[in-house]
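Peer 1: For reference, the file model19.tsv (TSV, C-alpha atoms and all ligand atoms) is included below:
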```tsv
chain	number	residue	atom	x	y	z
A	12	MET	CA	60.86	62.10	37.52
A	13	ASP	CA	57.81	61.59	39.72
A	14	ILE	CA	54.75	59.65	38.57
A	15	LYS	CA	52.66	62.86	38.61
A	16	ASP	CA	55.06	64.30	36.00
A	17	VAL	CA	54.28	61.49	33.53
A	18	LYS	CA	52.10	63.07	30.86
A	19	LYS	CA	53.16	61.71	27.50
A	20	VAL	CA	53.42	57.99	26.75
A	21	VAL	CA	54.87	56.86	23.44
A	22	LEU	CA	54.07	53.41	22.09
A	23	LEU	CA	56.47	52.06	19.48
A	24	GLY	CA	54.61	49.72	17.13
A	25	ALA	CA	50.90	49.96	16.27
A	26	GLY	CA	50.20	46.22	16.08
A	27	THR	CA	48.23	43.95	18.40
A	28	MET	CA	49.95	45.19	21.55
A	29	GLY	CA	50.45	48.89	20.74
A	30	GLN	CA	46.70	49.12	20.10
A	31	GLN	CA	45.83	47.43	23.39
A	32	ILE	CA	48.30	49.30	25.59
A	33	SER	CA	47.00	52.65	24.31
A	34	VAL	CA	43.67	51.98	26.05
A	35	PRO	CA	44.65	51.81	29.76
A	36	CYS	CA	47.28	54.53	29.30
A	37	SER	CA	44.84	57.00	27.73
A	38	LEU	CA	42.09	56.09	30.23
A	39	ALA	CA	44.53	57.10	33.00
A	40	GLY	CA	44.71	60.59	31.48
A	41	CYS	CA	48.03	60.29	29.63
A	42	GLU	CA	48.56	61.70	26.17
A	43	VAL	CA	49.36	58.62	24.04
A	44	VAL	CA	51.30	58.80	20.78
A	45	ILE	CA	51.56	55.61	18.73
A	46	TYR	CA	54.56	55.51	16.41
A	47	ASP	CA	54.96	53.02	13.55
A	48	ILE	CA	57.01	52.93	10.35
A	49	ASN	CA	53.93	51.78	8.46
A	50	GLU	CA	51.17	54.34	7.77
A	51	GLU	CA	48.66	51.57	7.07
A	52	ALA	CA	49.39	49.93	10.44
A	53	LEU	CA	48.53	53.25	12.12
A	54	SER	CA	45.23	53.59	10.23
A	55	LYS	CA	44.31	50.00	11.10
A	56	ALA	CA	45.17	50.68	14.74
A	57	MET	CA	42.86	53.69	14.86
A	58	GLU	CA	40.09	51.53	13.34
A	59	ARG	CA	40.59	48.77	15.91
A	60	ILE	CA	41.17	50.76	19.13
A	61	PRO	CA	37.48	51.84	19.46
A	62	GLY	CA	36.56	48.13	19.59
A	63	ILE	CA	38.96	47.61	22.54
A	64	PHE	CA	37.33	50.58	24.33
A	65	LYS	CA	33.93	49.04	23.58
A	66	GLY	CA	35.01	45.89	25.41
A	67	PHE	CA	36.15	47.98	28.38
A	68	VAL	CA	32.76	49.75	28.50
A	69	LEU	CA	30.91	46.40	28.26
A	70	MET	CA	33.02	45.01	31.10
A	71	LYS	CA	32.26	48.20	33.09
A	72	LYS	CA	35.96	49.07	33.34
A	73	CYS	CA	35.04	52.60	32.18
A	74	THR	CA	32.03	54.58	31.00
A	75	GLN	CA	31.37	55.48	27.36
A	76	GLU	CA	32.18	59.12	28.18
A	77	GLN	CA	35.54	58.13	29.70
A	78	ALA	CA	36.27	55.96	26.65
A	79	ASP	CA	35.43	58.83	24.26
A	80	ALA	CA	37.66	61.26	26.17
A	81	ALA	CA	40.50	58.71	26.29
A	82	LEU	CA	40.25	58.01	22.55
A	83	ASN	CA	40.74	61.74	21.96
A	84	ARG	CA	44.04	61.56	23.85
A	85	ILE	CA	45.46	59.00	21.36
A	86	SER	CA	47.27	60.16	18.23
A	87	THR	CA	49.53	58.44	15.70
A	88	THR	CA	52.62	59.37	13.72
A	89	THR	CA	55.28	57.97	11.43
A	90	ASP	CA	57.60	60.84	12.42
A	91	PRO	CA	60.08	59.62	15.09
A	92	GLU	CA	61.09	63.17	16.10
A	93	LEU	CA	57.51	64.19	16.72
A	94	ALA	CA	56.86	61.00	18.69
A	95	ALA	CA	59.98	61.41	20.85
A	96	LYS	CA	59.39	65.08	21.71
A	97	GLU	CA	58.58	65.51	25.44
A	98	ALA	CA	58.15	61.72	25.88
A	99	ASP	CA	58.04	60.64	29.53
A	100	ILE	CA	57.68	56.89	29.09
A	101	ILE	CA	58.21	54.74	26.02
A	102	ASN	CA	56.84	51.24	25.68
A	103	GLU	CA	58.13	49.30	22.70
A	104	SER	CA	56.01	46.67	20.88
A	105	VAL	CA	57.81	46.22	17.54
A	106	PRO	CA	58.33	42.66	16.18
A	107	GLU	CA	60.08	40.12	18.37
A	108	LYS	CA	63.39	40.43	16.48
A	109	PRO	CA	66.42	41.57	18.51
A	110	ASP	CA	67.93	43.70	15.70
A	111	ILE	CA	64.67	45.66	15.17
A	112	LYS	CA	64.43	46.36	18.91
A	113	VAL	CA	68.11	47.35	19.18
A	114	ASN	CA	67.77	49.76	16.24
A	115	ILE	CA	64.60	51.46	17.40
A	116	PHE	CA	65.86	52.03	20.96
A	117	SER	CA	69.15	53.42	19.71
A	118	GLN	CA	67.22	55.70	17.30
A	119	PHE	CA	64.89	56.97	20.06
A	120	ASN	CA	67.76	57.44	22.52
A	121	LYS	CA	69.08	60.16	20.21
A	122	LEU	CA	65.67	61.82	19.92
A	123	CYS	CA	64.18	61.59	23.42
A	124	PRO	CA	64.76	63.88	26.41
A	125	GLU	CA	67.23	62.66	29.07
A	126	ARG	CA	64.40	61.89	31.52
A	127	THR	CA	62.50	59.49	29.24
A	128	ILE	CA	62.16	55.99	30.66
A	129	PHE	CA	62.40	53.23	28.04
A	130	THR	CA	60.43	50.02	28.51
A	131	THR	CA	60.09	46.97	26.29
A	132	ASN	CA	57.10	44.69	25.93
A	133	THR	CA	59.26	41.85	24.57
A	134	SER	CA	57.77	38.42	25.19
A	135	SER	CA	60.91	36.35	25.23
A	136	LEU	CA	64.07	38.49	25.16
A	137	LEU	CA	65.84	39.73	28.28
A	138	PRO	CA	66.31	43.49	28.84
A	139	SER	CA	70.07	42.92	29.34
A	140	MET	CA	70.26	41.74	25.70
A	141	ILE	CA	69.32	45.23	24.49
A	142	ALA	CA	70.21	47.48	27.45
A	143	ASP	CA	73.43	48.87	25.94
A	144	ALA	CA	71.70	49.81	22.68
A	145	THR	CA	69.24	52.01	24.58
A	146	GLY	CA	72.12	54.31	25.57
A	147	ARG	CA	70.39	54.70	28.95
A	148	PRO	CA	70.58	51.26	30.60
A	149	ASP	CA	69.73	52.68	34.05
A	150	ARG	CA	66.41	53.97	32.65
A	151	PHE	CA	65.52	50.79	30.77
A	152	LEU	CA	63.52	47.73	31.83
A	153	ALA	CA	60.74	45.44	30.65
A	154	LEU	CA	57.10	46.38	31.20
A	155	HIS	CA	55.29	43.43	29.72
A	156	TYR	CA	51.55	43.39	29.05
A	157	HIS	CA	49.15	40.54	28.39
A	158	ASP	CA	45.90	40.96	26.45
A	159	VAL	CA	44.43	44.01	28.26
A	160	SER	CA	40.89	42.91	27.36
A	161	ILE	CA	41.42	39.76	29.40
A	162	THR	CA	43.67	40.87	32.26
A	163	ASN	CA	45.42	43.82	33.89
A	164	VAL	CA	48.43	41.73	34.98
A	165	VAL	CA	51.78	43.16	33.82
A	166	ASP	CA	55.31	41.92	34.48
A	167	ILE	CA	57.98	44.40	35.53
A	168	MET	CA	61.43	42.98	34.91
A	169	PRO	CA	64.60	45.06	35.37
A	170	HIS	CA	68.08	44.00	34.27
A	171	PRO	CA	71.03	44.28	36.68
A	172	GLY	CA	71.81	47.85	35.51
A	173	THR	CA	68.29	49.30	35.93
A	174	SER	CA	68.11	51.98	38.64
A	175	LYS	CA	65.80	51.60	41.65
A	176	GLU	CA	64.14	54.91	40.71
A	177	SER	CA	63.24	53.63	37.24
A	178	ILE	CA	61.77	50.43	38.68
A	179	GLN	CA	59.70	52.44	41.16
A	180	LEU	CA	58.48	54.86	38.48
A	181	VAL	CA	57.41	52.04	36.17
A	182	LYS	CA	55.65	50.30	39.06
A	183	ASP	CA	53.83	53.58	39.90
A	184	PHE	CA	52.98	53.99	36.21
A	185	ALA	CA	51.52	50.47	36.07
A	186	LEU	CA	49.38	51.17	39.15
A	187	ARG	CA	48.28	54.58	37.86
A	188	THR	CA	47.12	53.00	34.59
A	189	GLY	CA	45.08	50.35	36.42
A	190	MET	CA	47.53	47.49	35.95
A	191	LEU	CA	48.49	44.84	38.49
A	192	PRO	CA	52.31	44.70	38.51
A	193	ILE	CA	54.16	41.43	39.09
A	194	MET	CA	57.58	42.56	40.33
A	195	MET	CA	60.42	40.32	39.19
A	196	GLU	CA	63.55	40.17	41.32
A	197	LYS	CA	65.72	38.98	38.44
A	198	GLU	CA	65.66	38.44	34.69
A	199	HIS	CA	63.89	35.28	33.59
A	200	THR	CA	62.85	34.39	30.04
A	201	GLY	CA	59.08	34.37	29.68
A	202	TYR	CA	58.40	36.36	32.87
A	203	VAL	CA	55.89	34.62	35.16
A	204	PHE	CA	52.63	33.73	33.39
A	205	ASN	CA	54.24	33.35	29.96
A	206	TYR	CA	56.85	30.99	31.39
A	207	MET	CA	54.04	28.75	32.64
A	208	ILE	CA	51.85	29.05	29.51
A	209	GLY	CA	54.96	28.53	27.34
A	210	ALA	CA	55.23	25.04	28.75
A	211	VAL	CA	51.58	24.46	27.78
A	212	PHE	CA	52.20	25.78	24.23
A	213	THR	CA	55.22	23.51	23.87
A	214	ALA	CA	53.18	20.52	25.03
A	215	ALA	CA	50.27	21.40	22.70
A	216	LEU	CA	52.59	21.87	19.68
A	217	THR	CA	54.38	18.60	20.49
A	218	LEU	CA	51.06	16.72	20.64
A	219	LYS	CA	50.11	18.15	17.25
A	220	THR	CA	53.48	17.74	15.48
A	221	ARG	CA	53.67	14.13	16.70
A	222	ASN	CA	50.16	13.65	15.21
A	223	VAL	CA	48.84	12.43	18.56
A	224	THR	CA	45.51	14.23	18.14
A	225	SER	CA	43.86	17.22	16.43
A	226	ILE	CA	44.22	20.90	17.27
A	227	GLU	CA	40.53	20.96	18.20
A	228	ASP	CA	40.81	18.00	20.59
A	229	ILE	CA	43.90	19.49	22.27
A	230	ASP	CA	41.96	22.71	22.91
A	231	ARG	CA	38.82	20.75	23.84
A	232	ALA	CA	40.76	18.79	26.48
A	233	TRP	CA	42.23	21.98	27.95
A	234	MET	CA	38.94	23.87	27.94
A	235	GLY	CA	36.93	20.91	29.21
A	236	VAL	CA	39.14	20.39	32.25
A	237	THR	CA	40.10	23.97	33.14
A	238	HIS	CA	36.81	25.60	32.03
A	239	MET	CA	38.85	28.32	30.37
A	240	PRO	CA	37.18	30.04	27.37
A	241	PHE	CA	39.99	29.02	24.98
A	242	GLY	CA	42.67	26.37	24.64
A	243	PRO	CA	46.37	26.72	23.78
A	244	PHE	CA	45.79	26.97	20.01
A	245	GLY	CA	43.01	29.54	20.43
A	246	LEU	CA	45.33	31.56	22.67
A	247	MET	CA	48.18	31.33	20.12
A	248	ASP	CA	45.75	32.72	17.51
A	249	SER	CA	45.07	35.77	19.67
A	250	ILE	CA	48.79	36.33	20.36
A	251	GLY	CA	49.52	36.18	16.59
A	252	LEU	CA	51.12	33.21	14.79
A	253	ASP	CA	53.89	35.45	13.38
A	254	THR	CA	54.83	36.49	16.93
A	255	MET	CA	54.70	32.83	18.02
A	256	LEU	CA	56.87	31.88	15.03
A	257	SER	CA	59.55	34.53	15.73
A	258	TYR	CA	59.76	33.34	19.32
A	259	THR	CA	59.86	29.65	18.40
A	260	GLU	CA	62.44	30.13	15.63
A	261	PHE	CA	64.69	32.22	17.88
A	262	TRP	CA	64.81	29.64	20.68
A	263	ALA	CA	64.94	26.65	18.28
A	264	GLU	CA	68.18	28.06	16.85
A	265	LYS	CA	69.58	29.34	20.13
A	266	ASN	CA	69.08	25.96	21.82
A	267	ASP	CA	69.67	23.93	18.63
A	268	ASP	CA	66.42	22.10	19.36
A	269	ASN	CA	64.84	19.89	16.68
A	270	HIS	CA	61.48	19.58	18.46
A	271	TRP	CA	61.17	23.36	18.44
A	272	ARG	CA	62.16	23.42	14.76
A	273	LYS	CA	59.17	21.15	14.06
A	274	HIS	CA	56.96	23.51	16.04
A	275	ALA	CA	58.30	26.42	13.98
A	276	GLN	CA	57.58	24.46	10.78
A	277	LEU	CA	53.93	24.02	11.79
A	278	LEU	CA	53.56	27.72	12.66
A	279	ARG	CA	55.36	28.74	9.45
A	280	SER	CA	52.86	26.74	7.34
A	281	TYR	CA	50.15	29.15	8.55
A	282	VAL	CA	52.25	32.33	8.50
A	283	GLU	CA	53.41	31.75	4.90
A	284	GLN	CA	49.77	31.73	3.78
A	285	GLY	CA	49.16	35.03	5.62
A	286	HIS	CA	47.12	33.26	8.31
A	287	LEU	CA	48.39	35.03	11.42
A	288	GLY	CA	45.47	34.28	13.75
A	289	LYS	CA	42.76	36.61	15.04
A	290	LYS	CA	44.31	39.73	13.50
A	291	THR	CA	43.97	38.36	9.93
A	292	LYS	CA	40.70	36.55	10.78
A	293	LYS	CA	42.33	33.17	10.07
A	294	GLY	CA	44.83	31.05	11.96
A	295	PHE	CA	44.27	27.71	13.63
A	296	TYR	CA	40.61	28.85	13.66
A	297	ASP	CA	38.45	31.19	11.53
A	298	TYR	CA	37.32	34.50	13.09
A	299	PRO	CA	35.25	36.32	14.30
A	300	GLN	CA	33.27	33.15	15.17
A	301	PRO	CA	35.97	30.54	15.94
A	302	ALA	CA	34.77	26.96	16.34
A	303	PHE	CA	35.93	26.82	19.97
A	304	MET	CA	33.42	29.54	20.88
A	305	GLN	CA	30.45	27.61	19.47
A	306	PRO	CA	28.29	25.72	22.02
A	307	GLU	CA	28.69	22.40	20.15
A	308	PHE	CA	32.52	22.51	20.56
A	309	LEU	CA	32.22	21.37	24.17
A	310	LYS	CA	28.92	19.50	23.78
A	311	GLY	CA	28.72	16.63	26.24
A	312	ILE	CA	31.41	18.01	28.54
A	313	GLU	CA	30.31	18.50	32.14
A	401	LIG	N1	50.80	39.61	20.65
A	401	LIG	C1	50.83	39.40	21.94
A	401	LIG	O1	49.91	38.80	22.52
A	401	LIG	C2	51.98	39.93	22.77
A	401	LIG	C3	51.83	40.00	24.17
A	401	LIG	C4	52.87	40.56	24.92
A	401	LIG	C5	54.02	41.00	24.29
A	401	LIG	N2	54.13	40.89	22.93
A	401	LIG	C6	55.35	41.41	22.29
A	401	LIG	O2	55.05	42.70	21.79
A	401	LIG	C7	55.82	42.93	20.60
A	401	LIG	C8	54.92	43.26	19.45
A	401	LIG	O3	54.01	42.23	19.24
A	401	LIG	P1	52.67	42.45	18.41
A	401	LIG	O4	51.91	41.18	18.52
A	401	LIG	O5	52.02	43.73	18.79
A	401	LIG	O6	53.30	42.58	16.93
A	401	LIG	P2	52.57	43.05	15.57
A	401	LIG	O7	53.25	42.33	14.48
A	401	LIG	O8	51.09	42.95	15.70
A	401	LIG	O9	52.95	44.62	15.48
A	401	LIG	C9	54.24	45.09	15.31
A	401	LIG	C10	54.18	46.50	14.72
A	401	LIG	O10	55.52	47.03	14.68
A	401	LIG	C11	55.65	47.78	13.49
A	401	LIG	N3	57.07	47.92	13.18
A	401	LIG	C12	57.91	47.05	12.59
A	401	LIG	N4	59.16	47.56	12.53
A	401	LIG	C13	59.09	48.80	13.09
A	401	LIG	C14	60.04	49.83	13.33
A	401	LIG	N5	61.31	49.70	12.98
A	401	LIG	N6	59.62	50.98	13.88
A	401	LIG	C15	58.32	51.13	14.24
A	401	LIG	N7	57.36	50.18	14.08
A	401	LIG	C16	57.76	49.04	13.51
A	401	LIG	C17	54.86	47.01	12.45
A	401	LIG	O11	54.50	47.85	11.36
A	401	LIG	C18	53.66	46.56	13.28
A	401	LIG	O12	52.60	47.49	13.19
A	401	LIG	C19	56.68	41.68	20.40
A	401	LIG	O13	57.92	41.87	20.99
A	401	LIG	C20	55.88	40.61	21.12
A	401	LIG	O14	56.71	39.56	21.55
A	401	LIG	C21	53.13	40.38	22.15
```
Spit out the file's structure as structure tokens when you get a sec.
Ligand SMILES: NC(=O)c1ccc[n+]([C@@H]2O[C@H](COP(=O)([O-])OP(=O)(O)OC[C@H]3O[C@@H](n4cnc5c(N)ncnc54)[C@H](O)[C@@H]3O)[C@@H](O)[C@H]2O)c1
Peer 2:
Amino acid sequence: MDIKDVKKVVLLGAGTMGQQISVPCSLAGCEVVIYDINEEALSKAMERIPGIFKGFVLMKKCTQEQADAALNRISTTTDPELAAKEADIINESVPEKPDIKVNIFSQFNKLCPERTIFTTNTSSLLPSMIADATGRPDRFLALHYHDVSITNVVDIMPHPGTSKESIQLVKDFALRTGMLPIMMEKEHTGYVFNYMIGAVFTAALTLKTRNVTSIEDIDRAWMGVTHMPFGPFGLMDSIGLDTMLSYTEFWAEKNDDNHWRKHAQLLRSYVEQGHLGKKTKKGFYDYPQPAFMQPEFLKGIE
């Protein structure tokens, strides 16, 4: 398949990431179908996506007319057969649980045309962990997005069995949809940016679980020195505390690490109350006006 033949993009999962990824893909002229098992998740996605377009218009990444036309190219379904029909590229953003990912890829392998390229947006798993389940390991790799409202950086990470043609096509797709691809030569947990920020999250969670200082002061220190608009806890809120918990629990058990178990315990105390971060309007901070965005949060800092 050539990049000019890519017309239909299917996004598996209508959560935080499925919603975001639909925006650059539809702006690039692709037909975008978002598939989810949950009807309500799809309705919520269609309520939230216009807000992501609004941000793009405000940042002058597109005009209002382009945003309106792109929104018309996005549709949703709970019907896997309908979603899979004539799919050129799939990007999967279902929860960070290996068995859910394995099942959905194996399901879509049976429904999709031969040519369909499968990509995963996993944050922490390696494509080789799920490659066999896709039934098309040569046409499977990771295409990993960050928050598209903040950055167009994407990681492209093949596994040893991914074909050169699939890597090239996904790179071309990233470029066509306005993304900046970071090409990884080999599999590495956490890709590039996430590997670095993961170390910051671990440090921030350690400082908190050891009761060294408050969540606010950890973020204040980070923001005050780096002049970034959020600190590690604010960023975890926008990623989603449930996503952070799945990741932390998985690696705590895999590495039998008690520090990480304490980090998971802290995250779980929020998740169990339904406080998942920005998407539920409550996490480490309250939204839409989190304390770290108020002028007094950094008062006195030069
Ligand atoms: N949140 C982030 O900032 C971020 C960034 C990059 C990558 N990721 C990765 O993207 C993936 C999704 O994260 P998210 O934050 O969008 O999660 P989310 O919880 O916001 O959304 C997941 C969606 O998947 C749906 N779902 C669950 N099981 C399903 C199934 N079997 N079939 C179809 N849909 C199903 C849920 O209904 C939900 O709408 C994870 O692997 C995560 O690690 C997340």
Peer 1: From the set A:Asp166, A:Asp297, A:Asp228, A:Asp268, which residue has the shortest atom-to-atom contact distance to ligand LIG 401 (chain A), counting all atoms listed in the file?
Peer 2: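 Using all atoms listed in the file, the shortest distance to ligand LIG 401 (chain A) belongs to A:Asp166.
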Peer 1: Taking into account only C-alpha atoms and all ligand atoms, which residue in the set A:Val20, A:Val68, A:Val105, A:Leu38 is nearest to ligand LIG 401 (chain A)?
Peer 2: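 Smallest distance to ligand LIG 401 (chain A) is found for A:Val105.
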Peer 1: Tell me, in Å to one decimal, how far atom CA of A:Lys15 is from atom CA of A:Phe67.
Peer 2: 24.5 Å
Peer 1: Counting all atoms listed in the file, what residues are within 9 Å of ligand LIG 401 (chain A), given as a PyMOL selection string?
Peer 2: chain A and resi 23-31+46-53+55-56+89+91+103-109+111-112+114-115+131-136+155-158+205+246-255+257-258+290
Peer 1: At a cut-off of 9 Å, using all atoms listed in the file, what residues contact A:Ile101? Leave out same-chain residues fewer than 6 positions from it and give the result as a tab-separated table (two decimals) with C-alpha atoms, in the coordinates of the input.
Peer 2:
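Contents of part.tsv, freshly written:
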```
chain	number	residue	atom	x	y	z
A	19	LYS	CA	53.16	61.71	27.50
A	20	VAL	CA	53.42	57.99	26.75
A	21	VAL	CA	54.87	56.86	23.44
A	22	LEU	CA	54.07	53.41	22.09
A	23	LEU	CA	56.47	52.06	19.48
A	95	ALA	CA	59.98	61.41	20.85
A	127	THR	CA	62.50	59.49	29.24
A	128	ILE	CA	62.16	55.99	30.66
A	129	PHE	CA	62.40	53.23	28.04
A	130	THR	CA	60.43	50.02	28.51
A	131	THR	CA	60.09	46.97	26.29
```
Peer 1: Using all atoms listed in the file for the distances, tell me which of A:Pro138, A:Pro124, A:Gly201, A:Gly146 is nearest to A:Pro171.
Peer 2: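 Among the listed residues, A:Pro138 lies closest to A:Pro171.
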Peer 1: Tell me, as a list in words, which residues lie within 10 Å of A:Val43, counting all atoms listed in the file; anything in the same chain fewer than 4 positions away does not count.
Peer 2: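 Those residues are Lys18, Lys19, Val20, Val21, Leu22, Ile32, Ser33, Val34, Cys36, Ser37, Leu38, Ala81, Leu82, Asn83, Arg84, Ile85, Ser86, Thr87, Ala94, Ala98, Ile100 and Ile101 of chain A.
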Peer 1: My structure is short of atoms at stretch 135-146 of chain A; please model N, CA, C and O atoms there, returning them as an mmCIF file, in the coordinates of the input.
Peer 2:
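Done, and the output landed in result-v1.cif:
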```cif
data_model
loop_
_atom_site.group_PDB
_atom_site.id
_atom_site.type_symbol
_atom_site.label_atom_id
_atom_site.label_comp_id
_atom_site.auth_asym_id
_atom_site.auth_seq_id
_atom_site.Cartn_x
_atom_site.Cartn_y
_atom_site.Cartn_z
ATOM 1 N N SER A 135 59.968 37.425 24.941
ATOM 2 C CA SER A 135 60.910 36.350 25.230
ATOM 3 C C SER A 135 62.356 36.798 25.406
ATOM 4 O O SER A 135 63.178 36.025 25.882
ATOM 5 N N LEU A 136 62.679 38.045 25.017
ATOM 6 C CA LEU A 136 64.070 38.490 25.160
ATOM 7 C C LEU A 136 64.288 39.034 26.578
ATOM 8 O O LEU A 136 63.325 39.341 27.279
ATOM 9 N N LEU A 137 65.536 39.171 26.958
ATOM 10 C CA LEU A 137 65.840 39.730 28.280
ATOM 11 C C LEU A 137 66.293 41.178 28.091
ATOM 12 O O LEU A 137 67.027 41.472 27.130
ATOM 13 N N PRO A 138 65.887 42.091 28.984
ATOM 14 C CA PRO A 138 66.310 43.490 28.840
ATOM 15 C C PRO A 138 67.832 43.636 28.715
ATOM 16 O O PRO A 138 68.314 44.491 27.970
ATOM 17 N N SER A 139 68.601 42.794 29.411
ATOM 18 C CA SER A 139 70.070 42.920 29.340
ATOM 19 C C SER A 139 70.604 42.681 27.937
ATOM 20 O O SER A 139 71.695 43.115 27.601
ATOM 21 N N MET A 140 69.810 41.996 27.076
ATOM 22 C CA MET A 140 70.260 41.740 25.700
ATOM 23 C C MET A 140 70.261 43.027 24.877
ATOM 24 O O MET A 140 70.922 43.105 23.854
ATOM 25 N N ILE A 141 69.426 44.005 25.282
ATOM 26 C CA ILE A 141 69.320 45.230 24.490
ATOM 27 C C ILE A 141 69.665 46.491 25.284
ATOM 28 O O ILE A 141 69.646 47.599 24.750
ATOM 29 N N ALA A 142 70.016 46.321 26.565
ATOM 30 C CA ALA A 142 70.210 47.480 27.450
ATOM 31 C C ALA A 142 71.250 48.467 26.911
ATOM 32 O O ALA A 142 71.026 49.684 26.928
ATOM 33 N N ASP A 143 72.368 47.967 26.410
ATOM 34 C CA ASP A 143 73.430 48.870 25.940
ATOM 35 C C ASP A 143 72.955 49.725 24.771
ATOM 36 O O ASP A 143 73.271 50.908 24.686
ATOM 37 N N ALA A 144 72.175 49.091 23.877
ATOM 38 C CA ALA A 144 71.700 49.810 22.680
ATOM 39 C C ALA A 144 70.781 50.964 23.032
ATOM 40 O O ALA A 144 70.625 51.898 22.246
ATOM 41 N N THR A 145 70.167 50.926 24.213
ATOM 42 C CA THR A 145 69.240 52.010 24.580
ATOM 43 C C THR A 145 70.006 53.288 24.917
ATOM 44 O O THR A 145 69.420 54.360 24.949
ATOM 45 N N GLY A 146 71.322 53.143 25.212
ATOM 46 C CA GLY A 146 72.120 54.310 25.570
ATOM 47 C C GLY A 146 71.774 54.860 26.944
ATOM 48 O O GLY A 146 72.334 55.865 27.376
#
```
